[in-house]
Every structure is written in C-alpha cells, then in structure tokens.
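**Student:** The file below is entry-v9.txt, compact mmCIF, C-alpha atoms:
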# COMPACT_ATOMS: atom_id res chain seq x y z
CA MET A 1339 -32.43 11.03 -27.34
CA ASP A 1340 -29.93 13.51 -28.72
CA SER A 1341 -26.41 12.97 -29.98
CA GLY A 1342 -25.08 12.90 -26.42
CA GLY A 1343 -27.07 9.83 -25.48
CA ARG A 1344 -26.51 6.09 -25.67
CA GLY A 1345 -28.54 5.56 -28.83
CA GLY A 1346 -32.01 6.49 -30.06
CA VAL A 1347 -32.72 8.92 -32.85
CA TYR A 1348 -29.09 9.87 -33.51
CA ASN A 1349 -28.19 7.78 -36.57
CA PRO A 1350 -25.20 8.78 -38.73
CA ARG A 1351 -25.91 7.59 -42.26
CA THR A 1352 -22.77 8.39 -44.26
CA VAL A 1353 -19.16 7.26 -43.89
CA GLU A 1354 -18.16 10.77 -42.81
CA GLU A 1355 -20.95 10.94 -40.21
CA VAL A 1356 -20.10 7.53 -38.79
CA TYR A 1357 -16.44 8.54 -38.59
CA ARG A 1358 -17.32 11.74 -36.70
CA ASP A 1359 -19.47 9.67 -34.37
CA TYR A 1360 -16.51 7.32 -33.82
CA GLN A 1361 -14.16 10.26 -33.12
CA GLY A 1362 -16.52 11.82 -30.57
CA ARG A 1363 -17.06 8.57 -28.68
CA ARG A 1364 -13.34 7.79 -28.80
CA ASN A 1365 -12.41 11.22 -27.41
CA GLY A 1366 -14.90 10.77 -24.57
CA LEU A 1367 -13.43 7.38 -23.64
CA ILE A 1368 -9.89 8.74 -23.76
CA LYS A 1369 -10.89 11.52 -21.36
CA ALA A 1370 -12.29 8.96 -18.92
CA LEU A 1371 -9.11 6.88 -19.00
CA THR A 1372 -6.57 9.73 -18.90
CA THR A 1373 -7.40 13.28 -17.80
CA ASP A 1374 -10.58 12.27 -15.89
CA VAL A 1375 -9.14 8.99 -14.64
CA GLU A 1376 -9.50 9.74 -10.91
CA ARG A 1377 -13.22 10.48 -11.29
CA PHE A 1378 -13.65 7.44 -13.52
CA TYR A 1379 -11.80 5.26 -10.97
CA ARG A 1380 -14.06 6.43 -8.12
CA GLN A 1381 -17.23 5.74 -10.09
CA CYS A 1382 -16.19 2.14 -10.82
CA ASP A 1383 -16.88 0.94 -7.27
CA PRO A 1384 -16.60 -2.89 -7.20
CA GLU A 1385 -19.46 -3.01 -4.68
CA LYS A 1386 -21.91 -1.62 -7.24
CA GLU A 1387 -23.76 -3.60 -9.90
CA ASN A 1388 -22.42 -4.40 -13.38
CA LEU A 1389 -21.19 -1.11 -14.83
CA CYS A 1390 -20.25 -0.08 -18.37
CA LEU A 1391 -18.17 2.80 -19.74
CA TYR A 1392 -20.00 4.72 -22.47
CA GLY A 1393 -18.49 7.26 -24.85
CA PHE A 1394 -20.80 9.73 -26.59
CA PRO A 1395 -20.52 11.61 -29.92
CA SER A 1396 -20.41 14.83 -27.85
CA GLU A 1397 -16.97 13.71 -26.53
CA GLN A 1398 -18.42 13.04 -23.08
CA TRP A 1399 -18.31 9.79 -21.11
CA GLU A 1400 -20.46 8.05 -18.55
CA VAL A 1401 -20.24 5.08 -16.21
CA ASN A 1402 -23.68 3.51 -16.01
CA LEU A 1403 -25.69 0.32 -15.93
CA PRO A 1404 -26.23 -1.46 -19.27
CA ALA A 1405 -29.41 -0.87 -21.24
CA GLU A 1406 -32.39 -2.90 -19.99
CA GLU A 1407 -33.87 -3.68 -23.39
CA VAL A 1408 -32.61 -6.71 -25.30
CA PRO A 1409 -31.32 -6.30 -27.90
CA PRO A 1410 -30.20 -2.74 -27.09
CA GLU A 1411 -30.49 0.16 -29.52
CA LEU A 1412 -26.70 0.14 -29.96
CA PRO A 1413 -24.09 -2.53 -29.12
CA GLU A 1414 -23.25 -2.42 -25.41
CA PRO A 1415 -19.73 -1.86 -23.97
CA ALA A 1416 -17.98 -4.48 -21.82
CA LEU A 1417 -20.13 -5.35 -18.82
CA GLY A 1418 -18.93 -5.28 -15.20
CA ILE A 1419 -15.67 -3.37 -15.68
CA ASN A 1420 -15.85 -2.25 -12.03
CA PHE A 1421 -15.48 -5.75 -10.55
CA ALA A 1422 -11.79 -6.09 -11.46
CA ARG A 1423 -10.81 -2.58 -10.35
CA ASP A 1424 -9.20 -3.57 -7.04
CA GLY A 1425 -8.04 -7.01 -8.13
CA MET A 1426 -5.17 -5.92 -10.38
CA PRO A 1427 -2.69 -3.04 -10.76
CA GLU A 1428 -4.47 0.14 -11.78
CA ASN A 1429 -2.60 0.63 -15.06
CA ASP A 1430 -3.31 -2.97 -16.08
CA TRP A 1431 -7.00 -2.50 -15.32
CA LEU A 1432 -7.17 0.76 -17.28
CA SER A 1433 -5.41 -0.90 -20.23
CA LEU A 1434 -7.92 -3.75 -20.17
CA VAL A 1435 -10.84 -1.31 -20.16
CA ALA A 1436 -9.16 0.55 -23.04
CA VAL A 1437 -8.89 -2.63 -25.16
CA HIS A 1438 -12.58 -3.40 -24.64
CA SER A 1439 -13.41 0.23 -25.42
CA ASP A 1440 -11.62 -0.06 -28.77
CA ALA A 1441 -13.66 -3.18 -29.57
CA TRP A 1442 -16.88 -1.39 -28.62
CA LEU A 1443 -16.08 1.64 -30.80
CA LEU A 1444 -15.58 -0.57 -33.83
CA SER A 1445 -18.77 -2.52 -33.12
CA VAL A 1446 -20.79 0.72 -32.96
CA ALA A 1447 -19.24 2.06 -36.18
CA TYR A 1448 -19.91 -1.17 -38.08
CA TYR A 1449 -23.39 -1.41 -36.58
CA PHE A 1450 -24.20 1.88 -38.32
CA GLY A 1451 -22.47 0.66 -41.47
CA ALA A 1452 -24.57 -2.51 -41.56
CA ARG A 1453 -27.79 -0.76 -40.63
CA PHE A 1454 -27.52 1.76 -43.43
CA GLY A 1455 -26.16 -0.60 -46.06
CA PHE A 1456 -22.54 0.46 -46.48
CA ASP A 1457 -21.07 -1.47 -49.38
CA LYS A 1458 -17.60 -2.98 -49.54
CA SER A 1459 -15.90 0.25 -50.62
CA ASP A 1460 -17.68 2.28 -47.92
CA ARG A 1461 -16.68 -0.19 -45.21
CA LYS A 1462 -13.09 -0.20 -46.44
CA ARG A 1463 -12.99 3.61 -46.46
CA LEU A 1464 -14.49 3.79 -42.98
CA PHE A 1465 -11.98 1.33 -41.57
CA SER A 1466 -9.11 3.16 -43.27
CA MET A 1467 -10.19 6.46 -41.66
CA ILE A 1468 -10.54 4.81 -38.25
CA ASN A 1469 -7.23 2.99 -38.61
CA ASP A 1470 -5.37 6.27 -39.11
CA LEU A 1471 -6.09 7.16 -35.47
CA PRO A 1472 -4.20 5.63 -32.53
CA THR A 1473 -6.32 3.16 -30.58
CA VAL A 1474 -7.64 4.07 -27.14
CA PHE A 1475 -5.33 1.37 -25.78
CA GLU A 1476 -2.29 3.04 -27.37
CA VAL A 1477 -3.21 6.49 -26.07
CA VAL A 1478 -3.85 5.20 -22.54
CA GLY A 1479 -0.53 3.30 -22.57
CA VAL A 1480 1.45 6.41 -23.52
CA TYR A 1481 -0.38 8.50 -20.91
CA ALA A 1482 0.22 5.91 -18.16
CA LYS A 1483 3.93 5.71 -19.01
CA LYS A 1484 4.21 9.50 -18.85
CA GLN A 1485 2.39 9.63 -15.50
CA THR A 1486 4.58 6.88 -14.05
CA THR A 1487 7.72 8.74 -15.07
CA GLU A 1488 6.46 11.98 -13.52
CA LYS A 1489 5.39 10.25 -10.30
CA SER A 1490 8.73 8.49 -10.02
CA SER A 1491 10.58 11.78 -10.41
CA PHE A 1492 8.32 13.47 -7.86
CA SER A 1493 8.64 10.56 -5.41
CA ASN A 1494 12.44 10.57 -5.60
CA HIS A 1495 12.48 14.29 -4.94
CA SER A 1496 10.04 14.05 -2.04
CA THR A 1497 11.79 11.21 -0.22
CA ASN A 1498 14.86 13.44 0.14
CA LYS A 1499 12.87 15.92 2.23
CA SER A 1500 12.92 15.67 6.04
CA LYS A 1501 9.81 14.30 7.72
CA SER A 1502 10.05 16.82 10.54
CA ASN A 1503 6.63 16.58 12.25
CA THR A 1504 3.25 14.88 12.26
CA LYS A 1505 1.71 17.54 10.05
CA GLY A 1506 4.48 16.99 7.54
CA ARG A 1507 3.77 13.27 7.44
CA GLY A 1508 0.07 13.90 6.85
CA SER A 1509 0.75 16.25 3.95
CA GLU A 1510 2.59 13.44 2.17
CA SER A 1511 -0.63 11.47 1.66
CA GLN A 1512 -0.40 12.38 -2.02
CA LEU A 1513 2.51 9.95 -2.24
CA LYS A 1514 0.06 7.24 -1.05
CA TYR A 1515 2.60 5.54 1.16
CA ALA A 1516 5.70 6.32 3.19
CA LYS A 1517 9.01 4.51 3.14
CA MET A 1518 10.54 4.91 6.58
CA GLN A 1519 14.28 5.55 6.84
CA GLY A 1520 16.30 2.34 6.46
CA LYS A 1521 19.13 1.05 8.57
CA ASP A 1522 21.64 2.06 5.96
CA GLU A 1523 20.99 5.81 6.55
CA GLU A 1524 23.72 7.85 8.14
CA ASP A 1525 23.82 7.54 11.92
CA ASP A 1526 22.74 11.09 12.62
CA LEU A 1527 19.72 10.87 10.29
CA GLU A 1528 18.73 7.52 11.76
CA GLU A 1529 18.91 8.88 15.30
CA GLU A 1530 16.81 11.89 14.32
CA ASP A 1531 14.25 9.66 12.60
CA GLU A 1532 13.92 7.44 15.69
CA ASP A 1533 13.34 10.52 17.86
CA GLU A 1534 10.61 11.82 15.55
CA HIS A 1535 8.71 8.60 14.92
CA GLY A 1536 9.53 6.51 17.99
CA ASP A 1537 6.14 7.29 19.55
CA THR A 1538 4.19 6.31 16.41
CA LEU A 1539 2.05 3.24 17.02
CA CYS A 1540 0.59 0.89 14.42
CA GLY A 1541 -3.19 1.30 14.21
CA ALA A 1542 -3.59 -2.46 13.84
CA CYS A 1543 -1.19 -4.13 16.29
CA GLY A 1544 -0.28 -1.20 18.55
CA GLU A 1545 3.45 -1.81 18.21
CA ASN A 1546 5.99 1.01 17.89
CA TYR A 1547 7.60 2.32 14.73
CA ALA A 1548 10.71 0.48 13.55
CA SER A 1549 13.06 2.04 11.00
CA ASP A 1550 13.48 -1.14 8.97
CA GLU A 1551 9.77 -1.76 8.41
CA PHE A 1552 7.39 -0.53 5.69
CA TRP A 1553 4.54 1.64 6.96
CA ILE A 1554 1.50 3.15 5.22
CA CYS A 1555 -0.77 6.01 6.30
CA CYS A 1556 -4.57 5.95 5.92
CA ASP A 1557 -5.70 8.95 3.88
CA ILE A 1558 -9.00 9.07 5.80
CA CYS A 1559 -8.11 8.75 9.52
CA GLU A 1560 -4.36 9.52 9.04
CA ARG A 1561 -3.31 6.64 11.28
CA TRP A 1562 -0.15 4.69 10.42
CA PHE A 1563 0.02 0.92 9.97
CA HIS A 1564 2.67 -1.73 9.48
CA GLY A 1565 2.35 -2.83 5.87
CA LYS A 1566 2.34 -6.47 7.01
CA CYS A 1567 -0.54 -5.81 9.43
CA VAL A 1568 -2.85 -4.52 6.67
CA LYS A 1569 -1.42 -6.82 3.97
CA ILE A 1570 -0.01 -3.96 1.84
CA THR A 1571 3.39 -4.33 0.21
CA PRO A 1572 5.52 -1.43 -1.12
CA ALA A 1573 4.87 -2.67 -4.67
CA ARG A 1574 1.12 -2.72 -4.17
CA ALA A 1575 1.17 0.69 -2.48
CA GLU A 1576 2.60 2.19 -5.68
CA HIS A 1577 -0.77 1.62 -7.36
CA ILE A 1578 -3.03 2.92 -4.56
CA LYS A 1579 -4.32 6.44 -5.20
CA GLN A 1580 -6.10 6.77 -1.84
CA TYR A 1581 -5.38 4.23 0.88
CA LYS A 1582 -8.22 3.41 3.29
CA CYS A 1583 -7.44 1.27 6.31
CA PRO A 1584 -9.71 -1.72 7.09
CA SER A 1585 -11.64 0.31 9.67
CA CYS A 1586 -12.37 3.22 7.32
CA SER A 1587 -13.26 0.82 4.49
CA SER A 1588 -15.79 -1.03 6.65
CA ASN A 1589 -17.32 2.23 7.85
CA LYS A 1590 -17.94 3.24 4.22
CA ARG A 1591 -19.68 -0.02 3.45
CA ALA A 1592 -21.86 0.28 6.53
CA ARG A 1593 -23.39 3.56 5.38
CA PRO A 1594 -26.84 3.25 3.68
Output the file's structure as structure tokens, nothing else.
**Tutor:**
Amino acid sequence: MDSGGRGGVYNPRTVEEVYRDYQGRRNGLIKALTTDVERFYRQCDPEKENLCLYGFPSEQWEVNLPAEEVPPELPEPALGINFARDGMPENDWLSLVAVHSDAWLLSVAYYFGARFGFDKSDRKRLFSMINDLPTVFEVVGVYAKKQTTEKSSFSNHSTNKSKSNTKGRGSESQLKYAKMQGKDEEDDLEEEDEDEHGDTLCGACGENYASDEFWICCDICERWFHGKCVKITPARAEHIKQYKCPSCSSNKRARP
C-alpha cells in the first residue's frame, strides 16, 4: 500500500519523516472536520456499522470500517464515531471526533518512533515539533465559531426579508428552519403574514398555521410541520443541516 493508505509498506524512519507523516494525516483530518464537513457528516450515517475517520499522509481523509486484522498494521482511530452523530449538537460531536483524532495522530507518530527505535532525544524532538502545531480540536473549534458567527449574521439578515410566496419559503431551506412572525409584529405585517400562510397545514396533525408557533420545513418533501408535532425545538433546529420529516426518514431506511 502506498503513502495514501492506512498502513503497509509506508514506514517513515526518521524524526523528520514521522513529522511529515503526522502533518499530512493531520491536514486530512482537518479537511474532513472543516471544509469537507458536510460530506463527512453525510458519510457518518448512524445506521451503518462501526465507522472510523482516517487521515492519510497524502492529506486525504476517509470514513471506513476498522481494519479486520488484529493487531492492525497501525493504531486504529476511535471506533463507531457515527453512532453519536444525531444524539448531540453537531459542533459538540465534531469537537469530540477532533479530540479523538488528536489522540490517534499522536499514537501513530509514537508507534513509528517505537518501531524504529527513537531514543529519548528523538522522541523529545518529535513531540516538540508536533506541539508547535495547533491541535485538530483547536482548529475545528475556531472554524466552528467562525461558521456560527457567519450563519448568525446571515440568519438575522434573512429573517428581515418578506416571505411573499410558497416558492420563497422553499428557497429558505438553507436556513434549515423558519421562525414564523410573532404576535409582537406590527399589525399590518401580522395581517399580511396571516393572509399568506393561513392556508398552510401541518403535515403531521393537519392543523392550520398559527403565527405564535414554531414551524419547520422538510428539505425533501417541502411540507411544513409544527415543531411540537415532530419533536423539533428552535434550539435543536439550529444544528440541523438538512431536516427530513419522519415520513421521508422512514422512506430512506426502507430502501435496500
């Protein structure tokens, strides 16, 4: 297997080679948890088997099953990262994966150090070089904070726009949820809002739209639901990248 693989013949033997190996794997993991995070999120389906996140010296990443052989050629990353994906806020889950990724990177680096007999001074030099870089956890935290700030700014700007027709509501799926106009809006805006959405029915209970209730739109079938009917709160909706209603979710699971 070449340098892009999980292990095999690629064996860095000097401190500098191990450090380059560490950098490549680290960069791959950072890509998965920041710029490629949507693709990474989709691949970590909780309905699949135990999955691991691998970083390669080629600065690429992969979500895959753990190695079958025991012991493996290289230390294995944290097992089953996909199971917790939907059970906690997305940023918390990504931070947890990042922490375990940092631990895995160090274990791989020191595996090579032990295998090729690095002495005390070599190990100290290797750790010093590694320690000069921010951890994956630190990089992911900064990225998440930046994304949250940008989304908040975008959301505040978007909620000031008029929801003038059904097509307009559908195009707002990128916001992941819609906050209907509250009772404290000016009378003329409230009256307009009632006229526009009064015929909207909840896809779960069939009841009409009410201006003081939280609603969410399914990104698949584009039907609207009372948040309480599908057990989604405004706080939870903030962390949903693509909302699928119960019906669309069950249809996905039913496919072979």
**Student:** Which residues of segment 1556-1577 of chain A come within 8 Å of segment 1537-1552 of chain A, and for each one, what is the closest pair of atoms and their distance in Å to one decimal, counting all atoms listed in the file, sorted by chain and residue number, as CSV?
**Tutor:**
residue,atom,partner,partner_atom,distance
A:Arg1561,CA,A:Gly1541,CA,6.1
A:Trp1562,CA,A:Cys1540,CA,5.6
A:Phe1563,CA,A:Cys1540,CA,4.5
A:His1564,CA,A:Cys1540,CA,6.0
A:Gly1565,CA,A:Phe1552,CA,5.5
A:Lys1566,CA,A:Phe1552,CA,7.9
A:Cys1567,CA,A:Ala1542,CA,6.3
A:Val1568,CA,A:Ala1542,CA,7.5
A:Thr1571,CA,A:Phe1552,CA,7.8
A:Pro1572,CA,A:Phe1552,CA,7.1
**Student:** Find the distance between atom CA of Gln1485 of chain A and atom CA of Asn1402 of chain A and write it in Å to one decimal.
**Tutor:**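 Between atom CA of Gln1485 of chain A and atom CA of Asn1402 of chain A the gap is 26.8 Å.
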**Student:** Write out as an mmCIF file with C-alpha atoms, keeping the file's coordinate frame each polymer residue whose atoms come within 12 Å of segment 1470-1474 of chain A, counting all atoms listed in the file; drop sequence neighbours fewer than 6 positions from it.
**Tutor:**
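Below you can see out11.cif, which holds the result:
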data_model
loop_
_atom_site.group_PDB
_atom_site.id
_atom_site.type_symbol
_atom_site.label_atom_id
_atom_site.label_comp_id
_atom_site.auth_asym_id
_atom_site.auth_seq_id
_atom_site.Cartn_x
_atom_site.Cartn_y
_atom_site.Cartn_z
ATOM 1 C CA TYR A 1357 -16.440 8.540 -38.590
ATOM 2 C CA TYR A 1360 -16.510 7.320 -33.820
ATOM 3 C CA GLN A 1361 -14.160 10.260 -33.120
ATOM 4 C CA ARG A 1363 -17.060 8.570 -28.680
ATOM 5 C CA ARG A 1364 -13.340 7.790 -28.800
ATOM 6 C CA ASN A 1365 -12.410 11.220 -27.410
ATOM 7 C CA GLY A 1366 -14.900 10.770 -24.570
ATOM 8 C CA LEU A 1367 -13.430 7.380 -23.640
ATOM 9 C CA ILE A 1368 -9.890 8.740 -23.760
ATOM 10 C CA LYS A 1369 -10.890 11.520 -21.360
ATOM 11 C CA ALA A 1370 -12.290 8.960 -18.920
ATOM 12 C CA LEU A 1371 -9.110 6.880 -19.000
ATOM 13 C CA THR A 1372 -6.570 9.730 -18.900
ATOM 14 C CA GLY A 1393 -18.490 7.260 -24.850
ATOM 15 C CA LEU A 1432 -7.170 0.760 -17.280
ATOM 16 C CA SER A 1433 -5.410 -0.900 -20.230
ATOM 17 C CA LEU A 1434 -7.920 -3.750 -20.170
ATOM 18 C CA VAL A 1435 -10.840 -1.310 -20.160
ATOM 19 C CA ALA A 1436 -9.160 0.550 -23.040
ATOM 20 C CA VAL A 1437 -8.890 -2.630 -25.160
ATOM 21 C CA HIS A 1438 -12.580 -3.400 -24.640
ATOM 22 C CA SER A 1439 -13.410 0.230 -25.420
ATOM 23 C CA ASP A 1440 -11.620 -0.060 -28.770
ATOM 24 C CA ALA A 1441 -13.660 -3.180 -29.570
ATOM 25 C CA TRP A 1442 -16.880 -1.390 -28.620
ATOM 26 C CA LEU A 1443 -16.080 1.640 -30.800
ATOM 27 C CA LEU A 1444 -15.580 -0.570 -33.830
ATOM 28 C CA ARG A 1463 -12.990 3.610 -46.460
ATOM 29 C CA LEU A 1464 -14.490 3.790 -42.980
ATOM 30 C CA VAL A 1480 1.450 6.410 -23.520
ATOM 31 C CA TYR A 1481 -0.380 8.500 -20.910
#
**Student:** Atom CA of Glu1397 of chain A and atom CA of His1577 of chain A, how far apart in Å?
**Tutor:** 27.9 Å
**Student:** Quick one: distance from atom CA of Pro1427 of chain A to atom CA of Glu1576 of chain A in Å, one decimal?
**Tutor:**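 If I compute the distance from atom CA of Pro1427 of chain A to atom CA of Glu1576 of chain A, I get 9.0 Å.
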**Student:** Between A:Arg1358, A:Arg1574, A:Arg1380, A:Lys1462, single out the one closest to Phe1394 of chain A, counting only C-alpha atoms.
**Tutor:**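 Closest residue, counting only C-alpha atoms: A:Arg1358.
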**Student:** Which one is closest to Asp1374 of chain A: A:Trp1399, A:Pro1350, A:Asp1359, A:Lys1458? Count all atoms listed in the file.
**Tutor:**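 Looking at the shortest contact to Asp1374 of chain A, the residue is A:Trp1399.
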**Student:** Using all atoms listed in the file, which of A:Phe1475, A:Phe1454, A:Trp1553, A:Tyr1581 sits nearest Asn1429 of chain A?
**Tutor:** A:Phe1475
**Student:** With all atoms listed in the file as the counted atoms, please give the residues lying no more than 7 Å from Pro1415 of chain A, apart from itself and same-chain residues fewer than 2 positions off, as a compact mmCIF listing (two decimals) with C-alpha atoms, in the coordinates of the input.
**Tutor:**
# COMPACT_ATOMS: atom_id res chain seq x y z
CA CYS A 1390 -20.25 -0.08 -18.37
CA LEU A 1391 -18.17 2.80 -19.74
CA TYR A 1392 -20.00 4.72 -22.47
CA PRO A 1413 -24.09 -2.53 -29.12
CA LEU A 1417 -20.13 -5.35 -18.82
CA SER A 1439 -13.41 0.23 -25.42
CA TRP A 1442 -16.88 -1.39 -28.62
